[in-house]
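Participant: Okay, handing you the structure first.
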Amino acid sequence: MPVVLVTAFASDPRLPSEPTIGWEYVTGWLAVAEERDLHVVAVMNQRSRSATSDRLRSTGIDSTRLTIVSPPEPRFLAFLGHHRMTRIEHIVWAWRTPAAVRRAVAVEDIVLARHVTFASELLAPPITWLPPSAYSVWGPVGSTGRADAYLFPPRPADWRKRYLVQRLRDLLSWWSARRSTRKVDLTLTTSEVLARRVRRAGGKAEVFPNTRPINAAGTTDRPPVDLGRLRLLCVGNLVPLKRFELAISALAHPELSRASLRVAGKPAPGQDNTLRQLAEQLGVMDRVTFIGQVPREIVVEEMTKADVLIHLSAREGGSGVVGEATAVGLPVVAFAGTGAAAVLEFAGAPGITIGTDVPRTSQTIASAIVDAARLPRRPSGVWSETRLIDKERELLDRAAAHRSPR
């Protein structure tokens with residue numbers, strides 16, 4: 001029986017954001033497996049394996065065409081489970097993946113290999129060792145960033161380190177992309193900028209952000225925009241990378257003196273919410289509300305009530321938050337050259353991207369927010385309910401053509 005190999009380091013349906021992407025692909029491939037009479041082998045870490053197996057049982061999804069594989073995780077490497085060690089854990093997992101796959105399936109039966117999680121070109125896909133008969137597809141990958149995002153005040157305490165790290169990432173990502181994309185048949189990227197890099201390196205690339213399907217029902221009855229009392233929204237982990245400080249400091253400017261800001265997300269484990277302290281120092285705490293980490297459905301509901309999404313992250317793979325905003329017609333403010341801006345561009349939706357040729361001040365941020373609020377609401381239709389699985393069916397057809405004798 002033909003086999004589709006899906007490698008997804010993180011595939012945990014209990015977690016928000018990127019770690020659930022693997023779950024989306026695994027369950028999608030189960031539907032295709034029934035249609036096309038094939039078997040799916042999914043490789044993930046042991047935590048995800050447990051969570052995925054539990055969710056499949058609890059939901060009653062037929063998984064007879066699925067084999068879940070987890071490379072062994074020796075006890076002496078247990079420290080890699082710490083959230084700060086995730087990327088190193090991914091590298092070790094990728095090293096062990098080929099042996100785990102060989103134990104689970106005859107390699108010659110694999111017609112399509114898909115590596116789908118961790119939207120970073122710095123982490124090589126664990127499918128480059130497969131024989132030429134397997135059509136290999138990596139992505140969507142991304143991670144474009146803006147080092148100068150850390151130069152806008154108020155700067156985080158370690159802004160120098162973060163600035164230098166982002167500059168280093170830019171160099172390393174180019175080097176890594178050149179090496180890895182030549183070893184797979186196709187790379188799906190989150191932006192045209194990355195696609196051009198892959199092509200220049202001799203690989204094949206297509207733009208396909210990993211934004212999941214979005215149900216934007218009920219978003220047409222938006223309240224009118226009151227420029228004097230703008231309702232602003234930020235969504236994401238409360239970490240310096242996301243640069244939520246910029247949204248809070250913008251509230252202190254006259255044009256936003258009556259604007260309110262709602263922040264959905266939580267600090268990193270063991271960290272305090274320093275954003276609250278900043279809001280108090282600037283005298284705007286009475287207009288800032290921290291609603292904590294909430295389910296995706298609540299995030300979309302918040303977006304239908306907001307006037308602008310502020311997503312000034314210094315680096316993004318392929319921002320699902322921005323995708324959700326474009327689906328409901330919520331204008332976005334983002335830094336040009338980041339994954340957030342790439343998703344906004346792909347969706348053809350209203351928004352303001354802040355370039356590198358503007359003053360690095362909070363006034364620039366405040367002005368961009370007001371400009372975004374003036375834009376017409378125009379929901380994007382690119383995030384259809386079946387976009388992910390439709391793409392996988394297309395890739396399976398390409399794999400069949402790749403495998404057939406010429």
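Identifiers in this document derive from the order of the structure tokens: chains are assigned A, B, ..., residues are numbered from 1 separately in each chain, and ligands are numbered from 1 in order of occurrence.
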May I have the residues within 12 Å of Thr97 of chain A as a ChimeraX atom specification, using only C-alpha atoms and disregarding those fewer than 5 positions away in the same chain?
Facilitator: /A:5-9,41-45,69-73,90-92,102-104,115,125-130
Participant: Once DSSP has gone over the backbone, tell me which residues of segment 352-383 of chain A are in helix (DSSP H, G or I), as a list in words.
Facilitator: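 Restricting segment 352-383 of chain A to helix (DSSP H, G or I) produces Ser362, Gln363, Thr364, Ile365, Ala366, Ser367, Ala368, Ile369, Val370, Asp371, Ala372 and Ala373 of chain A.
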Participant: Any chance you can output those residues with N, CA, C and O atoms as a short mmCIF file (atom, residue, chain, number, x, y, z; two decimals), in the first residue's frame?
Facilitator:
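What landed in result-v9.cif:
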data_model
loop_
_atom_site.label_atom_id
_atom_site.label_comp_id
_atom_site.auth_asym_id
_atom_site.auth_seq_id
_atom_site.Cartn_x
_atom_site.Cartn_y
_atom_site.Cartn_z
N SER A 362 7.99 56.05 18.81
CA SER A 362 6.64 55.61 19.12
C SER A 362 5.61 56.45 18.38
O SER A 362 4.48 56.01 18.15
N GLN A 363 5.98 57.67 17.96
CA GLN A 363 5.08 58.49 17.15
C GLN A 363 4.83 57.82 15.81
O GLN A 363 3.71 57.85 15.28
N THR A 364 5.85 57.20 15.23
CA THR A 364 5.68 56.46 13.98
C THR A 364 4.65 55.35 14.16
O THR A 364 3.79 55.14 13.30
N ILE A 365 4.72 54.65 15.29
CA ILE A 365 3.78 53.56 15.56
C ILE A 365 2.36 54.11 15.71
O ILE A 365 1.41 53.58 15.14
N ALA A 366 2.22 55.19 16.48
CA ALA A 366 0.89 55.77 16.71
C ALA A 366 0.27 56.23 15.39
O ALA A 366 -0.93 55.99 15.14
N SER A 367 1.06 56.86 14.54
CA SER A 367 0.54 57.33 13.25
C SER A 367 0.11 56.16 12.36
O SER A 367 -0.91 56.24 11.67
N ALA A 368 0.88 55.08 12.38
CA ALA A 368 0.54 53.91 11.58
C ALA A 368 -0.77 53.29 12.05
O ALA A 368 -1.59 52.83 11.24
N ILE A 369 -1.00 53.29 13.36
CA ILE A 369 -2.24 52.73 13.90
C ILE A 369 -3.44 53.54 13.42
O ILE A 369 -4.46 52.99 12.99
N VAL A 370 -3.33 54.85 13.48
CA VAL A 370 -4.44 55.71 13.03
C VAL A 370 -4.67 55.53 11.53
O VAL A 370 -5.81 55.44 11.07
N ASP A 371 -3.59 55.46 10.77
CA ASP A 371 -3.73 55.26 9.32
C ASP A 371 -4.42 53.92 9.02
O ASP A 371 -5.26 53.83 8.11
N ALA A 372 -4.08 52.89 9.77
CA ALA A 372 -4.70 51.59 9.56
C ALA A 372 -6.19 51.63 9.89
O ALA A 372 -7.01 51.01 9.21
N ALA A 373 -6.53 52.37 10.95
CA ALA A 373 -7.94 52.45 11.35
C ALA A 373 -8.81 53.11 10.28
O ALA A 373 -10.02 52.86 10.21
#
Participant: Per residue of segment 119-149 of chain A within 12 Å of segment 238-254 of chain A, which atom pair is closest and at what distance in Å (one decimal), using only C-alpha atoms, listed by chain and increasing number, as CSV?
Facilitator:
residue,atom,partner,partner_atom,distance
A:Gly145,CA,A:Leu241,CA,10.2
A:Arg146,CA,A:Leu241,CA,10.5
A:Ala147,CA,A:Leu241,CA,10.3
A:Asp148,CA,A:Arg243,CA,11.5
A:Ala149,CA,A:Arg243,CA,7.8
Participant: Any chance you can output those residues with C-alpha atoms as an mmCIF file, in the first residue's frame?
Facilitator:
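Listing of part30.cif after writing:
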data_model
loop_
_atom_site.group_PDB
_atom_site.id
_atom_site.type_symbol
_atom_site.label_atom_id
_atom_site.label_comp_id
_atom_site.auth_asym_id
_atom_site.auth_seq_id
_atom_site.Cartn_x
_atom_site.Cartn_y
_atom_site.Cartn_z
ATOM 1 C CA GLY A 145 12.557 39.209 10.684
ATOM 2 C CA ARG A 146 13.539 42.817 11.330
ATOM 3 C CA ALA A 147 16.484 43.360 13.641
ATOM 4 C CA ASP A 148 15.717 47.086 13.825
ATOM 5 C CA ALA A 149 12.366 46.303 15.479
#
Participant: If we count only C-alpha atoms, what is near Pro209 of chain A at a cut-off of 12 Å, once residues fewer than 2 positions away on the same chain are taken out, given as a PDB file with N, CA and C atoms, in the first residue's frame?
Facilitator:
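The resulting file, result.pdb, is shown below:
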ATOM      1  N   ILE A  21      -0.343  22.661  14.422  1.00  0.00           N
ATOM      2  CA  ILE A  21      -0.333  22.529  12.975  1.00  0.00           C
ATOM      3  C   ILE A  21      -0.146  21.065  12.574  1.00  0.00           C
ATOM      4  N   VAL A 116       6.182  19.311   8.183  1.00  0.00           N
ATOM      5  CA  VAL A 116       5.195  20.391   8.219  1.00  0.00           C
ATOM      6  C   VAL A 116       5.278  21.342   9.410  1.00  0.00           C
ATOM      7  N   ALA A 119       8.087  26.408  11.621  1.00  0.00           N
ATOM      8  CA  ALA A 119       8.223  27.278  10.449  1.00  0.00           C
ATOM      9  C   ALA A 119       9.533  28.041  10.514  1.00  0.00           C
ATOM     10  N   GLY A 139       7.762  22.308   4.353  1.00  0.00           N
ATOM     11  CA  GLY A 139       7.122  23.590   4.571  1.00  0.00           C
ATOM     12  C   GLY A 139       5.648  23.491   4.929  1.00  0.00           C
ATOM     13  N   PRO A 140       5.040  24.656   5.162  1.00  0.00           N
ATOM     14  CA  PRO A 140       5.576  25.998   4.913  1.00  0.00           C
ATOM     15  C   PRO A 140       6.670  26.377   5.916  1.00  0.00           C
ATOM     16  N   VAL A 141       7.732  26.985   5.403  1.00  0.00           N
ATOM     17  CA  VAL A 141       8.816  27.471   6.244  1.00  0.00           C
ATOM     18  C   VAL A 141       8.909  28.984   6.105  1.00  0.00           C
ATOM     19  N   GLY A 142       9.446  29.574   7.128  1.00  0.00           N
ATOM     20  CA  GLY A 142       9.606  31.018   7.115  1.00  0.00           C
ATOM     21  C   GLY A 142      10.477  31.433   8.264  1.00  0.00           C
ATOM     22  N   SER A 143      10.433  32.648   8.656  1.00  0.00           N
ATOM     23  CA  SER A 143      11.129  33.176   9.816  1.00  0.00           C
ATOM     24  C   SER A 143      11.809  34.487   9.488  1.00  0.00           C
ATOM     25  N   THR A 187       9.972  23.294  -1.757  1.00  0.00           N
ATOM     26  CA  THR A 187       9.877  24.011  -0.486  1.00  0.00           C
ATOM     27  C   THR A 187       8.706  24.980  -0.562  1.00  0.00           C
ATOM     28  N   LEU A 188       7.798  24.881   0.399  1.00  0.00           N
ATOM     29  CA  LEU A 188       6.711  25.845   0.527  1.00  0.00           C
ATOM     30  C   LEU A 188       7.168  26.918   1.509  1.00  0.00           C
ATOM     31  N   THR A 189       7.093  28.171   1.108  1.00  0.00           N
ATOM     32  CA  THR A 189       7.558  29.259   1.960  1.00  0.00           C
ATOM     33  C   THR A 189       6.402  30.162   2.363  1.00  0.00           C
ATOM     34  N   THR A 190       6.616  30.912   3.436  1.00  0.00           N
ATOM     35  CA  THR A 190       5.578  31.828   3.899  1.00  0.00           C
ATOM     36  C   THR A 190       5.594  33.160   3.166  1.00  0.00           C
ATOM     37  N   SER A 191       6.656  33.428   2.404  1.00  0.00           N
ATOM     38  CA  SER A 191       6.739  34.717   1.717  1.00  0.00           C
ATOM     39  C   SER A 191       7.459  34.570   0.390  1.00  0.00           C
ATOM     40  N   GLU A 192       7.209  35.521  -0.494  1.00  0.00           N
ATOM     41  CA  GLU A 192       7.877  35.531  -1.790  1.00  0.00           C
ATOM     42  C   GLU A 192       9.363  35.837  -1.630  1.00  0.00           C
ATOM     43  N   LEU A 194      11.375  34.715   0.707  1.00  0.00           N
ATOM     44  CA  LEU A 194      12.042  33.444   0.961  1.00  0.00           C
ATOM     45  C   LEU A 194      12.014  32.549  -0.270  1.00  0.00           C
ATOM     46  N   ALA A 195      10.919  32.589  -1.015  1.00  0.00           N
ATOM     47  CA  ALA A 195      10.842  31.772  -2.221  1.00  0.00           C
ATOM     48  C   ALA A 195      11.931  32.164  -3.213  1.00  0.00           C
ATOM     49  N   GLU A 206       7.420  27.475  -3.695  1.00  0.00           N
ATOM     50  CA  GLU A 206       6.117  28.105  -3.913  1.00  0.00           C
ATOM     51  C   GLU A 206       5.705  28.789  -2.618  1.00  0.00           C
ATOM     52  N   VAL A 207       4.953  29.865  -2.733  1.00  0.00           N
ATOM     53  CA  VAL A 207       4.485  30.590  -1.553  1.00  0.00           C
ATOM     54  C   VAL A 207       3.174  29.982  -1.065  1.00  0.00           C
ATOM     55  N   THR A 211      -1.036  29.456   7.514  1.00  0.00           N
ATOM     56  CA  THR A 211      -2.230  29.898   8.232  1.00  0.00           C
ATOM     57  C   THR A 211      -3.340  28.867   8.063  1.00  0.00           C
ATOM     58  N   ARG A 212      -3.932  28.492   9.167  1.00  0.00           N
ATOM     59  CA  ARG A 212      -4.955  27.449   9.147  1.00  0.00           C
ATOM     60  C   ARG A 212      -6.290  27.996   8.640  1.00  0.00           C
ATOM     61  N   PRO A 213      -7.217  27.083   8.276  1.00  0.00           N
ATOM     62  CA  PRO A 213      -8.552  27.538   7.854  1.00  0.00           C
ATOM     63  C   PRO A 213      -9.210  28.387   8.939  1.00  0.00           C
ATOM     64  N   GLU A 316       8.600  36.478  12.583  1.00  0.00           N
ATOM     65  CA  GLU A 316       7.485  35.553  12.494  1.00  0.00           C
ATOM     66  C   GLU A 316       7.782  34.519  11.421  1.00  0.00           C
ATOM     67  N   GLY A 317       7.311  33.296  11.635  1.00  0.00           N
ATOM     68  CA  GLY A 317       7.380  32.306  10.568  1.00  0.00           C
ATOM     69  C   GLY A 317       6.292  32.598   9.558  1.00  0.00           C
ATOM     70  N   GLY A 318       5.066  32.348   9.922  1.00  0.00           N
ATOM     71  CA  GLY A 318       3.907  32.682   9.099  1.00  0.00           C
ATOM     72  C   GLY A 318       2.774  32.962  10.060  1.00  0.00           C
ATOM     73  N   SER A 319       2.476  34.185  10.314  1.00  0.00           N
ATOM     74  CA  SER A 319       1.622  34.568  11.426  1.00  0.00           C
ATOM     75  C   SER A 319       0.164  34.153  11.230  1.00  0.00           C
ATOM     76  N   GLY A 320      -0.264  33.179  12.041  1.00  0.00           N
ATOM     77  CA  GLY A 320      -1.671  32.791  12.026  1.00  0.00           C
ATOM     78  C   GLY A 320      -2.561  33.883  12.570  1.00  0.00           C
ATOM     79  N   VAL A 321      -2.045  34.662  13.516  1.00  0.00           N
ATOM     80  CA  VAL A 321      -2.821  35.766  14.086  1.00  0.00           C
ATOM     81  C   VAL A 321      -3.165  36.788  13.008  1.00  0.00           C
ATOM     82  N   VAL A 322      -2.196  37.136  12.185  1.00  0.00           N
ATOM     83  CA  VAL A 322      -2.460  38.081  11.101  1.00  0.00           C
ATOM     84  C   VAL A 322      -3.427  37.473  10.086  1.00  0.00           C
ATOM     85  N   GLY A 323      -3.275  36.186   9.811  1.00  0.00           N
ATOM     86  CA  GLY A 323      -4.208  35.523   8.906  1.00  0.00           C
ATOM     87  C   GLY A 323      -5.634  35.607   9.413  1.00  0.00           C
ATOM     88  N   GLY A 339       7.378  37.906   8.747  1.00  0.00           N
ATOM     89  CA  GLY A 339       6.367  36.939   8.350  1.00  0.00           C
ATOM     90  C   GLY A 339       4.959  37.487   8.490  1.00  0.00           C
ATOM     91  N   ALA A 340       4.752  38.386   9.448  1.00  0.00           N
ATOM     92  CA  ALA A 340       3.435  39.003   9.618  1.00  0.00           C
ATOM     93  C   ALA A 340       3.064  39.810   8.378  1.00  0.00           C
ATOM     94  N   ALA A 341       4.014  40.595   7.868  1.00  0.00           N
ATOM     95  CA  ALA A 341       3.769  41.385   6.659  1.00  0.00           C
ATOM     96  C   ALA A 341       3.566  40.481   5.446  1.00  0.00           C
ATOM     97  N   ALA A 342       4.272  39.339   5.411  1.00  0.00           N
ATOM     98  CA  ALA A 342       4.133  38.411   4.290  1.00  0.00           C
ATOM     99  C   ALA A 342       2.725  37.840   4.227  1.00  0.00           C
ATOM    100  N   VAL A 343       2.155  37.499   5.378  1.00  0.00           N
ATOM    101  CA  VAL A 343       0.788  36.973   5.421  1.00  0.00           C
ATOM    102  C   VAL A 343      -0.204  38.052   5.006  1.00  0.00           C
ATOM    103  N   LEU A 344       0.012  39.263   5.479  1.00  0.00           N
ATOM    104  CA  LEU A 344      -0.857  40.382   5.106  1.00  0.00           C
ATOM    105  C   LEU A 344      -0.839  40.595   3.599  1.00  0.00           C
ATOM    106  N   GLU A 345       0.345  40.540   3.004  1.00  0.00           N
ATOM    107  CA  GLU A 345       0.484  40.707   1.556  1.00  0.00           C
ATOM    108  C   GLU A 345      -0.195  39.563   0.795  1.00  0.00           C
ATOM    109  N   PHE A 346       0.005  38.334   1.253  1.00  0.00           N
ATOM    110  CA  PHE A 346      -0.590  37.170   0.595  1.00  0.00           C
ATOM    111  C   PHE A 346      -2.109  37.263   0.602  1.00  0.00           C
ATOM    112  N   ALA A 347      -2.667  37.765   1.701  1.00  0.00           N
ATOM    113  CA  ALA A 347      -4.121  37.852   1.829  1.00  0.00           C
ATOM    114  C   ALA A 347      -4.708  39.006   1.030  1.00  0.00           C
ATOM    115  N   VAL A 382      -8.835  34.136   1.088  1.00  0.00           N
ATOM    116  CA  VAL A 382      -7.822  33.120   0.737  1.00  0.00           C
ATOM    117  C   VAL A 382      -7.726  31.995   1.766  1.00  0.00           C
ATOM    118  N   TRP A 383      -8.249  32.213   2.978  1.00  0.00           N
ATOM    119  CA  TRP A 383      -8.087  31.198   4.026  1.00  0.00           C
ATOM    120  C   TRP A 383      -9.300  30.277   4.077  1.00  0.00           C
ATOM    121  N   ARG A 387      -8.233  24.807   2.598  1.00  0.00           N
ATOM    122  CA  ARG A 387      -7.002  25.204   1.904  1.00  0.00           C
ATOM    123  C   ARG A 387      -5.827  24.266   2.193  1.00  0.00           C
ATOM    124  N   LEU A 388      -5.663  23.845   3.450  1.00  0.00           N
ATOM    125  CA  LEU A 388      -4.526  22.990   3.781  1.00  0.00           C
ATOM    126  C   LEU A 388      -4.642  21.634   3.107  1.00  0.00           C
ATOM    127  N   LYS A 391      -4.257  21.566  -0.716  1.00  0.00           N
ATOM    128  CA  LYS A 391      -2.854  21.619  -1.123  1.00  0.00           C
ATOM    129  C   LYS A 391      -2.199  20.250  -1.002  1.00  0.00           C
TER     130      LYS A 391
END
Participant: Interatomic distance between atom CA of Gly236 of chain A and atom CA of Ala325 of chain A?
Facilitator: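 Interatomic distance here is 12.9 Å.
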